$ cat upload.pdb   # PDB, N, CA, C and O atoms
ATOM      1  N   MET A 345      71.440  98.368  70.287  1.00  0.00           N
ATOM      2  CA  MET A 345      71.148  99.694  70.806  1.00  0.00           C
ATOM      3  C   MET A 345      72.413 100.274  71.448  1.00  0.00           C
ATOM      4  O   MET A 345      73.117  99.588  72.175  1.00  0.00           O
ATOM      5  N   ALA A 346      72.679 101.528  71.192  1.00  0.00           N
ATOM      6  CA  ALA A 346      73.879 102.177  71.721  1.00  0.00           C
ATOM      7  C   ALA A 346      73.580 102.887  73.039  1.00  0.00           C
ATOM      8  O   ALA A 346      72.519 103.474  73.217  1.00  0.00           O
ATOM      9  N   LYS A 347      74.517 102.804  73.931  1.00  0.00           N
ATOM     10  CA  LYS A 347      74.434 103.496  75.217  1.00  0.00           C
ATOM     11  C   LYS A 347      75.398 104.676  75.170  1.00  0.00           C
ATOM     12  O   LYS A 347      76.516 104.549  74.675  1.00  0.00           O
ATOM     13  N   VAL A 348      74.978 105.814  75.678  1.00  0.00           N
ATOM     14  CA  VAL A 348      75.831 106.999  75.702  1.00  0.00           C
ATOM     15  C   VAL A 348      76.613 107.024  77.003  1.00  0.00           C
ATOM     16  O   VAL A 348      76.062 106.799  78.082  1.00  0.00           O
ATOM     17  N   LYS A 349      77.904 107.273  76.895  1.00  0.00           N
ATOM     18  CA  LYS A 349      78.716 107.489  78.085  1.00  0.00           C
ATOM     19  C   LYS A 349      79.723 108.590  77.778  1.00  0.00           C
ATOM     20  O   LYS A 349      79.927 108.950  76.628  1.00  0.00           O
ATOM     21  N   TYR A 350      80.319 109.117  78.810  1.00  0.00           N
ATOM     22  CA  TYR A 350      81.279 110.206  78.667  1.00  0.00           C
ATOM     23  C   TYR A 350      82.629 109.748  79.183  1.00  0.00           C
ATOM     24  O   TYR A 350      82.709 109.010  80.160  1.00  0.00           O
ATOM     25  N   GLN A 351      83.684 110.195  78.501  1.00  0.00           N
ATOM     26  CA  GLN A 351      85.044 109.842  78.886  1.00  0.00           C
ATOM     27  C   GLN A 351      85.923 111.087  78.847  1.00  0.00           C
ATOM     28  O   GLN A 351      85.676 112.013  78.078  1.00  0.00           O
ATOM     29  N   VAL A 352      86.983 111.062  79.638  1.00  0.00           N
ATOM     30  CA  VAL A 352      87.962 112.146  79.663  1.00  0.00           C
ATOM     31  C   VAL A 352      89.091 111.792  78.704  1.00  0.00           C
ATOM     32  O   VAL A 352      89.630 110.692  78.755  1.00  0.00           O
ATOM     33  N   ASN A 353      89.435 112.731  77.823  1.00  0.00           N
ATOM     34  CA  ASN A 353      90.554 112.495  76.910  1.00  0.00           C
ATOM     35  C   ASN A 353      91.821 113.167  77.452  1.00  0.00           C
ATOM     36  O   ASN A 353      91.840 113.667  78.575  1.00  0.00           O
ATOM     37  N   GLY A 354      92.870 113.205  76.681  1.00  0.00           N
ATOM     38  CA  GLY A 354      94.164 113.725  77.123  1.00  0.00           C
ATOM     39  C   GLY A 354      94.261 115.233  77.281  1.00  0.00           C
ATOM     40  O   GLY A 354      95.298 115.743  77.668  1.00  0.00           O
ATOM     41  N   ARG A 355      93.182 115.954  77.025  1.00  0.00           N
ATOM     42  CA  ARG A 355      93.206 117.421  77.140  1.00  0.00           C
ATOM     43  C   ARG A 355      92.946 117.941  78.555  1.00  0.00           C
ATOM     44  O   ARG A 355      92.969 119.139  78.781  1.00  0.00           O
ATOM     45  N   CYS A 356      92.680 117.069  79.483  1.00  0.00           N
ATOM     46  CA  CYS A 356      92.331 117.490  80.843  1.00  0.00           C
ATOM     47  C   CYS A 356      93.467 118.284  81.478  1.00  0.00           C
ATOM     48  O   CYS A 356      94.616 117.854  81.490  1.00  0.00           O
ATOM     49  N   VAL A 357      93.120 119.463  82.009  1.00  0.00           N
ATOM     50  CA  VAL A 357      94.100 120.324  82.679  1.00  0.00           C
ATOM     51  C   VAL A 357      93.750 120.531  84.160  1.00  0.00           C
ATOM     52  O   VAL A 357      94.249 121.434  84.808  1.00  0.00           O
ATOM     53  N   LEU A 358      92.876 119.664  84.667  1.00  0.00           N
ATOM     54  CA  LEU A 358      92.441 119.717  86.071  1.00  0.00           C
ATOM     55  C   LEU A 358      91.846 121.061  86.479  1.00  0.00           C
ATOM     56  O   LEU A 358      92.100 121.544  87.574  1.00  0.00           O
ATOM     57  N   CYS A 359      91.047 121.645  85.599  1.00  0.00           N
ATOM     58  CA  CYS A 359      90.378 122.903  85.966  1.00  0.00           C
ATOM     59  C   CYS A 359      89.247 122.631  86.957  1.00  0.00           C
ATOM     60  O   CYS A 359      88.809 123.525  87.655  1.00  0.00           O
ATOM     61  N   MET A 360      88.781 121.407  87.010  1.00  0.00           N
ATOM     62  CA  MET A 360      87.793 120.879  87.950  1.00  0.00           C
ATOM     63  C   MET A 360      86.387 121.431  87.792  1.00  0.00           C
ATOM     64  O   MET A 360      85.561 121.288  88.682  1.00  0.00           O
ATOM     65  N   THR A 361      86.085 122.082  86.661  1.00  0.00           N
ATOM     66  CA  THR A 361      84.705 122.516  86.451  1.00  0.00           C
ATOM     67  C   THR A 361      83.771 121.323  86.344  1.00  0.00           C
ATOM     68  O   THR A 361      82.634 121.380  86.800  1.00  0.00           O
ATOM     69  N   CYS A 362      84.253 120.242  85.752  1.00  0.00           N
ATOM     70  CA  CYS A 362      83.426 119.036  85.629  1.00  0.00           C
ATOM     71  C   CYS A 362      83.123 118.449  87.007  1.00  0.00           C
ATOM     72  O   CYS A 362      82.017 117.980  87.269  1.00  0.00           O
ATOM     73  N   LEU A 363      84.089 118.503  87.872  1.00  0.00           N
ATOM     74  CA  LEU A 363      83.944 117.963  89.219  1.00  0.00           C
ATOM     75  C   LEU A 363      82.785 118.636  89.960  1.00  0.00           C
ATOM     76  O   LEU A 363      81.980 117.983  90.614  1.00  0.00           O
ATOM     77  N   TYR A 364      82.692 119.951  89.801  1.00  0.00           N
ATOM     78  CA  TYR A 364      81.651 120.708  90.489  1.00  0.00           C
ATOM     79  C   TYR A 364      80.300 120.649  89.780  1.00  0.00           C
ATOM     80  O   TYR A 364      79.271 120.895  90.386  1.00  0.00           O
ATOM     81  N   SER A 365      80.286 120.301  88.505  1.00  0.00           N
ATOM     82  CA  SER A 365      79.023 120.277  87.761  1.00  0.00           C
ATOM     83  C   SER A 365      78.313 118.930  87.816  1.00  0.00           C
ATOM     84  O   SER A 365      77.136 118.844  87.503  1.00  0.00           O
ATOM     85  N   CYS A 366      79.006 117.890  88.216  1.00  0.00           N
ATOM     86  CA  CYS A 366      78.423 116.541  88.201  1.00  0.00           C
ATOM     87  C   CYS A 366      77.467 116.345  89.377  1.00  0.00           C
ATOM     88  O   CYS A 366      77.885 116.381  90.536  1.00  0.00           O
ATOM     89  N   PRO A 367      76.176 116.110  89.088  1.00  0.00           N
ATOM     90  CA  PRO A 367      75.213 115.939  90.176  1.00  0.00           C
ATOM     91  C   PRO A 367      75.352 114.608  90.918  1.00  0.00           C
ATOM     92  O   PRO A 367      74.837 114.454  92.019  1.00  0.00           O
ATOM     93  N   ARG A 368      76.048 113.639  90.326  1.00  0.00           N
ATOM     94  CA  ARG A 368      76.203 112.314  90.935  1.00  0.00           C
ATOM     95  C   ARG A 368      77.593 112.084  91.523  1.00  0.00           C
ATOM     96  O   ARG A 368      77.910 110.989  91.952  1.00  0.00           O
ATOM     97  N   GLN A 369      78.443 113.097  91.502  1.00  0.00           N
ATOM     98  CA  GLN A 369      79.812 113.005  92.006  1.00  0.00           C
ATOM     99  C   GLN A 369      80.556 111.830  91.362  1.00  0.00           C
ATOM    100  O   GLN A 369      81.247 111.059  92.034  1.00  0.00           O
ATOM    101  N   ALA A 370      80.417 111.725  90.035  1.00  0.00           N
ATOM    102  CA  ALA A 370      81.036 110.627  89.295  1.00  0.00           C
ATOM    103  C   ALA A 370      82.437 110.960  88.796  1.00  0.00           C
ATOM    104  O   ALA A 370      83.124 110.098  88.264  1.00  0.00           O
ATOM    105  N   ILE A 371      82.875 112.203  88.975  1.00  0.00           N
ATOM    106  CA  ILE A 371      84.201 112.604  88.513  1.00  0.00           C
ATOM    107  C   ILE A 371      85.214 112.366  89.629  1.00  0.00           C
ATOM    108  O   ILE A 371      85.021 112.800  90.761  1.00  0.00           O
ATOM    109  N   GLU A 372      86.275 111.672  89.283  1.00  0.00           N
ATOM    110  CA  GLU A 372      87.337 111.378  90.253  1.00  0.00           C
ATOM    111  C   GLU A 372      88.654 111.915  89.713  1.00  0.00           C
ATOM    112  O   GLU A 372      88.862 111.970  88.509  1.00  0.00           O
ATOM    113  N   LEU A 373      89.542 112.305  90.607  1.00  0.00           N
ATOM    114  CA  LEU A 373      90.865 112.780  90.204  1.00  0.00           C
ATOM    115  C   LEU A 373      91.865 111.639  90.285  1.00  0.00           C
ATOM    116  O   LEU A 373      91.845 110.855  91.228  1.00  0.00           O
ATOM    117  N   ILE A 374      92.728 111.570  89.285  1.00  0.00           N
ATOM    118  CA  ILE A 374      93.756 110.528  89.236  1.00  0.00           C
ATOM    119  C   ILE A 374      95.106 111.170  89.499  1.00  0.00           C
ATOM    120  O   ILE A 374      95.657 111.846  88.628  1.00  0.00           O
ATOM    121  N   GLU A 375      95.613 111.005  90.692  1.00  0.00           N
ATOM    122  CA  GLU A 375      96.954 111.443  91.089  1.00  0.00           C
ATOM    123  C   GLU A 375      97.328 112.839  90.595  1.00  0.00           C
ATOM    124  O   GLU A 375      98.426 113.071  90.104  1.00  0.00           O
ATOM    125  N   ASP A 376      96.418 113.799  90.691  1.00  0.00           N
ATOM    126  CA  ASP A 376      96.673 115.181  90.279  1.00  0.00           C
ATOM    127  C   ASP A 376      97.164 115.299  88.845  1.00  0.00           C
ATOM    128  O   ASP A 376      97.900 116.218  88.505  1.00  0.00           O
ATOM    129  N   VAL A 377      96.779 114.355  87.998  1.00  0.00           N
ATOM    130  CA  VAL A 377      97.204 114.368  86.595  1.00  0.00           C
ATOM    131  C   VAL A 377      96.010 114.554  85.667  1.00  0.00           C
ATOM    132  O   VAL A 377      96.091 115.259  84.677  1.00  0.00           O
ATOM    133  N   SER A 378      94.901 113.930  86.010  1.00  0.00           N
ATOM    134  CA  SER A 378      93.746 113.945  85.131  1.00  0.00           C
ATOM    135  C   SER A 378      92.489 113.623  85.925  1.00  0.00           C
ATOM    136  O   SER A 378      92.560 113.190  87.064  1.00  0.00           O
ATOM    137  N   ALA A 379      91.360 113.835  85.273  1.00  0.00           N
ATOM    138  CA  ALA A 379      90.084 113.442  85.855  1.00  0.00           C
ATOM    139  C   ALA A 379      89.637 112.145  85.195  1.00  0.00           C
ATOM    140  O   ALA A 379      90.075 111.795  84.101  1.00  0.00           O
ATOM    141  N   LYS A 380      88.765 111.425  85.878  1.00  0.00           N
ATOM    142  CA  LYS A 380      88.220 110.176  85.350  1.00  0.00           C
ATOM    143  C   LYS A 380      86.744 110.141  85.718  1.00  0.00           C
ATOM    144  O   LYS A 380      86.356 110.606  86.788  1.00  0.00           O
ATOM    145  N   ILE A 381      85.946 109.580  84.850  1.00  0.00           N
ATOM    146  CA  ILE A 381      84.522 109.456  85.127  1.00  0.00           C
ATOM    147  C   ILE A 381      84.234 108.032  85.588  1.00  0.00           C
ATOM    148  O   ILE A 381      84.514 107.067  84.879  1.00  0.00           O
ATOM    149  N   ASN A 382      83.697 107.919  86.783  1.00  0.00           N
ATOM    150  CA  ASN A 382      83.312 106.617  87.326  1.00  0.00           C
ATOM    151  C   ASN A 382      82.009 106.216  86.640  1.00  0.00           C
ATOM    152  O   ASN A 382      80.943 106.773  86.924  1.00  0.00           O
ATOM    153  N   GLN A 383      82.070 105.253  85.742  1.00  0.00           N
ATOM    154  CA  GLN A 383      80.914 104.859  84.950  1.00  0.00           C
ATOM    155  C   GLN A 383      79.805 104.219  85.784  1.00  0.00           C
ATOM    156  O   GLN A 383      78.647 104.222  85.377  1.00  0.00           O
ATOM    157  N   ASP A 384      80.148 103.713  86.961  1.00  0.00           N
ATOM    158  CA  ASP A 384      79.129 103.134  87.842  1.00  0.00           C
ATOM    159  C   ASP A 384      78.228 104.207  88.450  1.00  0.00           C
ATOM    160  O   ASP A 384      77.076 103.946  88.783  1.00  0.00           O
ATOM    161  N   LYS A 385      78.754 105.429  88.595  1.00  0.00           N
ATOM    162  CA  LYS A 385      77.986 106.536  89.159  1.00  0.00           C
ATOM    163  C   LYS A 385      77.375 107.435  88.090  1.00  0.00           C
ATOM    164  O   LYS A 385      76.376 108.105  88.327  1.00  0.00           O
ATOM    165  N   CYS A 386      77.966 107.479  86.922  1.00  0.00           N
ATOM    166  CA  CYS A 386      77.544 108.384  85.847  1.00  0.00           C
ATOM    167  C   CYS A 386      76.170 107.988  85.307  1.00  0.00           C
ATOM    168  O   CYS A 386      75.911 106.820  85.043  1.00  0.00           O
ATOM    169  N   VAL A 387      75.304 108.990  85.124  1.00  0.00           N
ATOM    170  CA  VAL A 387      73.979 108.750  84.555  1.00  0.00           C
ATOM    171  C   VAL A 387      73.885 109.261  83.120  1.00  0.00           C
ATOM    172  O   VAL A 387      72.822 109.199  82.509  1.00  0.00           O
ATOM    173  N   GLY A 388      74.979 109.789  82.581  1.00  0.00           N
ATOM    174  CA  GLY A 388      75.009 110.223  81.190  1.00  0.00           C
ATOM    175  C   GLY A 388      74.303 111.533  80.909  1.00  0.00           C
ATOM    176  O   GLY A 388      73.861 111.764  79.786  1.00  0.00           O
ATOM    177  N   CYS A 389      74.204 112.411  81.890  1.00  0.00           N
ATOM    178  CA  CYS A 389      73.490 113.678  81.700  1.00  0.00           C
ATOM    179  C   CYS A 389      74.264 114.664  80.822  1.00  0.00           C
ATOM    180  O   CYS A 389      73.677 115.539  80.194  1.00  0.00           O
ATOM    181  N   GLY A 390      75.599 114.548  80.792  1.00  0.00           N
ATOM    182  CA  GLY A 390      76.415 115.407  79.942  1.00  0.00           C
ATOM    183  C   GLY A 390      76.785 116.762  80.517  1.00  0.00           C
ATOM    184  O   GLY A 390      77.421 117.571  79.835  1.00  0.00           O
ATOM    185  N   LEU A 391      76.411 117.041  81.754  1.00  0.00           N
ATOM    186  CA  LEU A 391      76.758 118.337  82.348  1.00  0.00           C
ATOM    187  C   LEU A 391      78.269 118.542  82.429  1.00  0.00           C
ATOM    188  O   LEU A 391      78.760 119.652  82.243  1.00  0.00           O
ATOM    189  N   CYS A 392      78.998 117.479  82.679  1.00  0.00           N
ATOM    190  CA  CYS A 392      80.455 117.586  82.759  1.00  0.00           C
ATOM    191  C   CYS A 392      81.034 118.035  81.421  1.00  0.00           C
ATOM    192  O   CYS A 392      81.887 118.918  81.367  1.00  0.00           O
ATOM    193  N   ALA A 393      80.548 117.472  80.327  1.00  0.00           N
ATOM    194  CA  ALA A 393      81.040 117.829  78.996  1.00  0.00           C
ATOM    195  C   ALA A 393      80.648 119.261  78.627  1.00  0.00           C
ATOM    196  O   ALA A 393      81.417 119.967  77.972  1.00  0.00           O
ATOM    197  N   GLN A 394      79.480 119.683  79.066  1.00  0.00           N
ATOM    198  CA  GLN A 394      79.019 121.041  78.765  1.00  0.00           C
ATOM    199  C   GLN A 394      79.859 122.096  79.461  1.00  0.00           C
ATOM    200  O   GLN A 394      80.069 123.181  78.924  1.00  0.00           O
ATOM    201  N   THR A 395      80.343 121.796  80.660  1.00  0.00           N
ATOM    202  CA  THR A 395      81.099 122.794  81.423  1.00  0.00           C
ATOM    203  C   THR A 395      82.605 122.707  81.217  1.00  0.00           C
ATOM    204  O   THR A 395      83.323 123.616  81.601  1.00  0.00           O
ATOM    205  N   CYS A 396      83.081 121.638  80.606  1.00  0.00           N
ATOM    206  CA  CYS A 396      84.522 121.437  80.424  1.00  0.00           C
ATOM    207  C   CYS A 396      85.079 122.431  79.400  1.00  0.00           C
ATOM    208  O   CYS A 396      84.775 122.358  78.211  1.00  0.00           O
ATOM    209  N   GLN A 397      85.912 123.367  79.864  1.00  0.00           N
ATOM    210  CA  GLN A 397      86.461 124.409  79.000  1.00  0.00           C
ATOM    211  C   GLN A 397      87.460 123.896  77.968  1.00  0.00           C
ATOM    212  O   GLN A 397      87.414 124.322  76.827  1.00  0.00           O
ATOM    213  N   PRO A 398      88.374 122.998  78.311  1.00  0.00           N
ATOM    214  CA  PRO A 398      89.315 122.523  77.288  1.00  0.00           C
ATOM    215  C   PRO A 398      88.743 121.399  76.418  1.00  0.00           C
ATOM    216  O   PRO A 398      89.454 120.792  75.634  1.00  0.00           O
ATOM    217  N   ASN A 399      87.428 121.140  76.526  1.00  0.00           N
ATOM    218  CA  ASN A 399      86.768 120.068  75.770  1.00  0.00           C
ATOM    219  C   ASN A 399      87.453 118.725  75.974  1.00  0.00           C
ATOM    220  O   ASN A 399      87.679 117.971  75.034  1.00  0.00           O
ATOM    221  N   ALA A 400      87.769 118.434  77.218  1.00  0.00           N
ATOM    222  CA  ALA A 400      88.463 117.197  77.558  1.00  0.00           C
ATOM    223  C   ALA A 400      87.502 116.043  77.820  1.00  0.00           C
ATOM    224  O   ALA A 400      87.930 114.922  78.001  1.00  0.00           O
ATOM    225  N   ILE A 401      86.208 116.315  77.847  1.00  0.00           N
ATOM    226  CA  ILE A 401      85.230 115.268  78.075  1.00  0.00           C
ATOM    227  C   ILE A 401      84.427 115.076  76.799  1.00  0.00           C
ATOM    228  O   ILE A 401      83.867 116.029  76.264  1.00  0.00           O
ATOM    229  N   VAL A 402      84.411 113.849  76.332  1.00  0.00           N
ATOM    230  CA  VAL A 402      83.750 113.556  75.068  1.00  0.00           C
ATOM    231  C   VAL A 402      82.646 112.525  75.249  1.00  0.00           C
ATOM    232  O   VAL A 402      82.730 111.641  76.101  1.00  0.00           O
ATOM    233  N   LYS A 403      81.629 112.662  74.418  1.00  0.00           N
ATOM    234  CA  LYS A 403      80.511 111.729  74.399  1.00  0.00           C
ATOM    235  C   LYS A 403      80.871 110.555  73.510  1.00  0.00           C
ATOM    236  O   LYS A 403      81.353 110.729  72.394  1.00  0.00           O
ATOM    237  N   VAL A 404      80.649 109.353  74.011  1.00  0.00           N
ATOM    238  CA  VAL A 404      80.969 108.138  73.274  1.00  0.00           C
ATOM    239  C   VAL A 404      79.732 107.245  73.274  1.00  0.00           C
ATOM    240  O   VAL A 404      79.103 107.049  74.315  1.00  0.00           O
ATOM    241  N   GLU A 405      79.380 106.732  72.113  1.00  0.00           N
ATOM    242  CA  GLU A 405      78.276 105.785  72.031  1.00  0.00           C
ATOM    243  C   GLU A 405      78.848 104.385  72.001  1.00  0.00           C
ATOM    244  O   GLU A 405      79.715 104.073  71.175  1.00  0.00           O
ATOM    245  N   VAL A 406      78.383 103.539  72.909  1.00  0.00           N
ATOM    246  CA  VAL A 406      78.901 102.193  73.056  1.00  0.00           C
ATOM    247  C   VAL A 406      77.767 101.212  72.780  1.00  0.00           C
ATOM    248  O   VAL A 406      76.670 101.357  73.329  1.00  0.00           O
ATOM    249  N   GLU A 407      78.038 100.243  71.948  1.00  0.00           N
ATOM    250  CA  GLU A 407      77.027  99.214  71.665  1.00  0.00           C
ATOM    251  C   GLU A 407      76.889  98.304  72.872  1.00  0.00           C
ATOM    252  O   GLU A 407      77.867  97.805  73.401  1.00  0.00           O
ATOM    253  N   GLU A 408      75.652  98.110  73.303  1.00  0.00           N
ATOM    254  CA  GLU A 408      75.386  97.204  74.415  1.00  0.00           C
ATOM    255  C   GLU A 408      75.316  95.782  73.903  1.00  0.00           C
ATOM    256  O   GLU A 408      74.849  95.536  72.804  1.00  0.00           O
ATOM    257  N   LYS A 409      75.779  94.858  74.708  1.00  0.00           N
ATOM    258  CA  LYS A 409      75.771  93.450  74.326  1.00  0.00           C
ATOM    259  C   LYS A 409      74.540  92.749  74.810  1.00  0.00           C
ATOM    260  O   LYS A 409      73.929  93.075  75.735  1.00  0.00           O
TER     261      LYS A 409
END

$ encode --input "upload.pdb" --output "structure tokens"
Amino acid sequence: MAKVKYQVNGRCVLCMTCLYSCPRQAIELIEDVSAKINQDKCVGCGLCAQTCQPNAIVKVEVEEK
């Protein structure tokens, strides 16, 4: 069974729309260079990907072990 998770790719321009849209505060900033999604906090709702203007957040299906 695949689990859905979201990741930030290299297109992040720190517009921070994802930061404000995440209901679980799972988006973290990495040294003013990029955003990162804390997978321990993320519930996979996809709001961050929906609001990301440069399409820097992508949905990834990961096979569970």

$ resolve_selection --input "upload.pdb" --expression "the PyMOL selection byres (((chain A and resi 360 and name CA) around 10) and name CA)" --output "list in words"
Cys356, Val357, Leu358, Cys359, Thr361, Cys362, Leu363, Tyr364, Ser365, Ile371, Glu372, Leu373, Ser378, Ala379, Cys392, Thr395, Cys396 and Gln397 of chain A

$ atom_distance --input "upload.pdb" --atom1 "atom C of Ala393 in chain A" --atom2 "atom O of Gln351 in chain A"
8.8 Å

$ resolve_selection --input "upload.pdb" --expression "the PyMOL selection byres ((chain A and resi 386) around 7)" --output "number ranges by chain"
A: 348, 368-370, 381-385, 387-389

$ select_by_dssp --input "upload.pdb" --residues "chain A" --states "strand (DSSP E)" --output "count of residues only"
22

$ select_by_dssp --input "upload.pdb" --residues "chain A" --states "helix (DSSP H, G or I)" --output "PDB file with N, CA, C and O atoms, in the coordinates of the input"
ATOM      1  N   THR A 361      86.085 122.082  86.661  1.00  0.00           N
ATOM      2  CA  THR A 361      84.705 122.516  86.451  1.00  0.00           C
ATOM      3  C   THR A 361      83.771 121.323  86.344  1.00  0.00           C
ATOM      4  O   THR A 361      82.634 121.380  86.800  1.00  0.00           O
ATOM      5  N   CYS A 362      84.253 120.242  85.752  1.00  0.00           N
ATOM      6  CA  CYS A 362      83.426 119.036  85.629  1.00  0.00           C
ATOM      7  C   CYS A 362      83.123 118.449  87.007  1.00  0.00           C
ATOM      8  O   CYS A 362      82.017 117.980  87.269  1.00  0.00           O
ATOM      9  N   LEU A 363      84.089 118.503  87.872  1.00  0.00           N
ATOM     10  CA  LEU A 363      83.944 117.963  89.219  1.00  0.00           C
ATOM     11  C   LEU A 363      82.785 118.636  89.960  1.00  0.00           C
ATOM     12  O   LEU A 363      81.980 117.983  90.614  1.00  0.00           O
ATOM     13  N   TYR A 364      82.692 119.951  89.801  1.00  0.00           N
ATOM     14  CA  TYR A 364      81.651 120.708  90.489  1.00  0.00           C
ATOM     15  C   TYR A 364      80.300 120.649  89.780  1.00  0.00           C
ATOM     16  O   TYR A 364      79.271 120.895  90.386  1.00  0.00           O
ATOM     17  N   SER A 365      80.286 120.301  88.505  1.00  0.00           N
ATOM     18  CA  SER A 365      79.023 120.277  87.761  1.00  0.00           C
ATOM     19  C   SER A 365      78.313 118.930  87.816  1.00  0.00           C
ATOM     20  O   SER A 365      77.136 118.844  87.503  1.00  0.00           O
ATOM     21  N   LEU A 391      76.411 117.041  81.754  1.00  0.00           N
ATOM     22  CA  LEU A 391      76.758 118.337  82.348  1.00  0.00           C
ATOM     23  C   LEU A 391      78.269 118.542  82.429  1.00  0.00           C
ATOM     24  O   LEU A 391      78.760 119.652  82.243  1.00  0.00           O
ATOM     25  N   CYS A 392      78.998 117.479  82.679  1.00  0.00           N
ATOM     26  CA  CYS A 392      80.455 117.586  82.759  1.00  0.00           C
ATOM     27  C   CYS A 392      81.034 118.035  81.421  1.00  0.00           C
ATOM     28  O   CYS A 392      81.887 118.918  81.367  1.00  0.00           O
ATOM     29  N   ALA A 393      80.548 117.472  80.327  1.00  0.00           N
ATOM     30  CA  ALA A 393      81.040 117.829  78.996  1.00  0.00           C
ATOM     31  C   ALA A 393      80.648 119.261  78.627  1.00  0.00           C
ATOM     32  O   ALA A 393      81.417 119.967  77.972  1.00  0.00           O
ATOM     33  N   GLN A 394      79.480 119.683  79.066  1.00  0.00           N
ATOM     34  CA  GLN A 394      79.019 121.041  78.765  1.00  0.00           C
ATOM     35  C   GLN A 394      79.859 122.096  79.461  1.00  0.00           C
ATOM     36  O   GLN A 394      80.069 123.181  78.924  1.00  0.00           O
ATOM     37  N   THR A 395      80.343 121.796  80.660  1.00  0.00           N
ATOM     38  CA  THR A 395      81.099 122.794  81.423  1.00  0.00           C
ATOM     39  C   THR A 395      82.605 122.707  81.217  1.00  0.00           C
ATOM     40  O   THR A 395      83.323 123.616  81.601  1.00  0.00           O
TER      41      THR A 395
END

$ closest_residue --input "upload.pdb" --among "A:Val402, A:Cys366, A:Val377, A:Leu391" --to "Tyr350 in chain A" --atoms "only N, CA, C and O atoms"
A:Val402

$ atom_distance --input "upload.pdb" --atom1 "CA of Val404 in chain A" --atom2 "CA of Gly390 in chain A"
10.9 Å
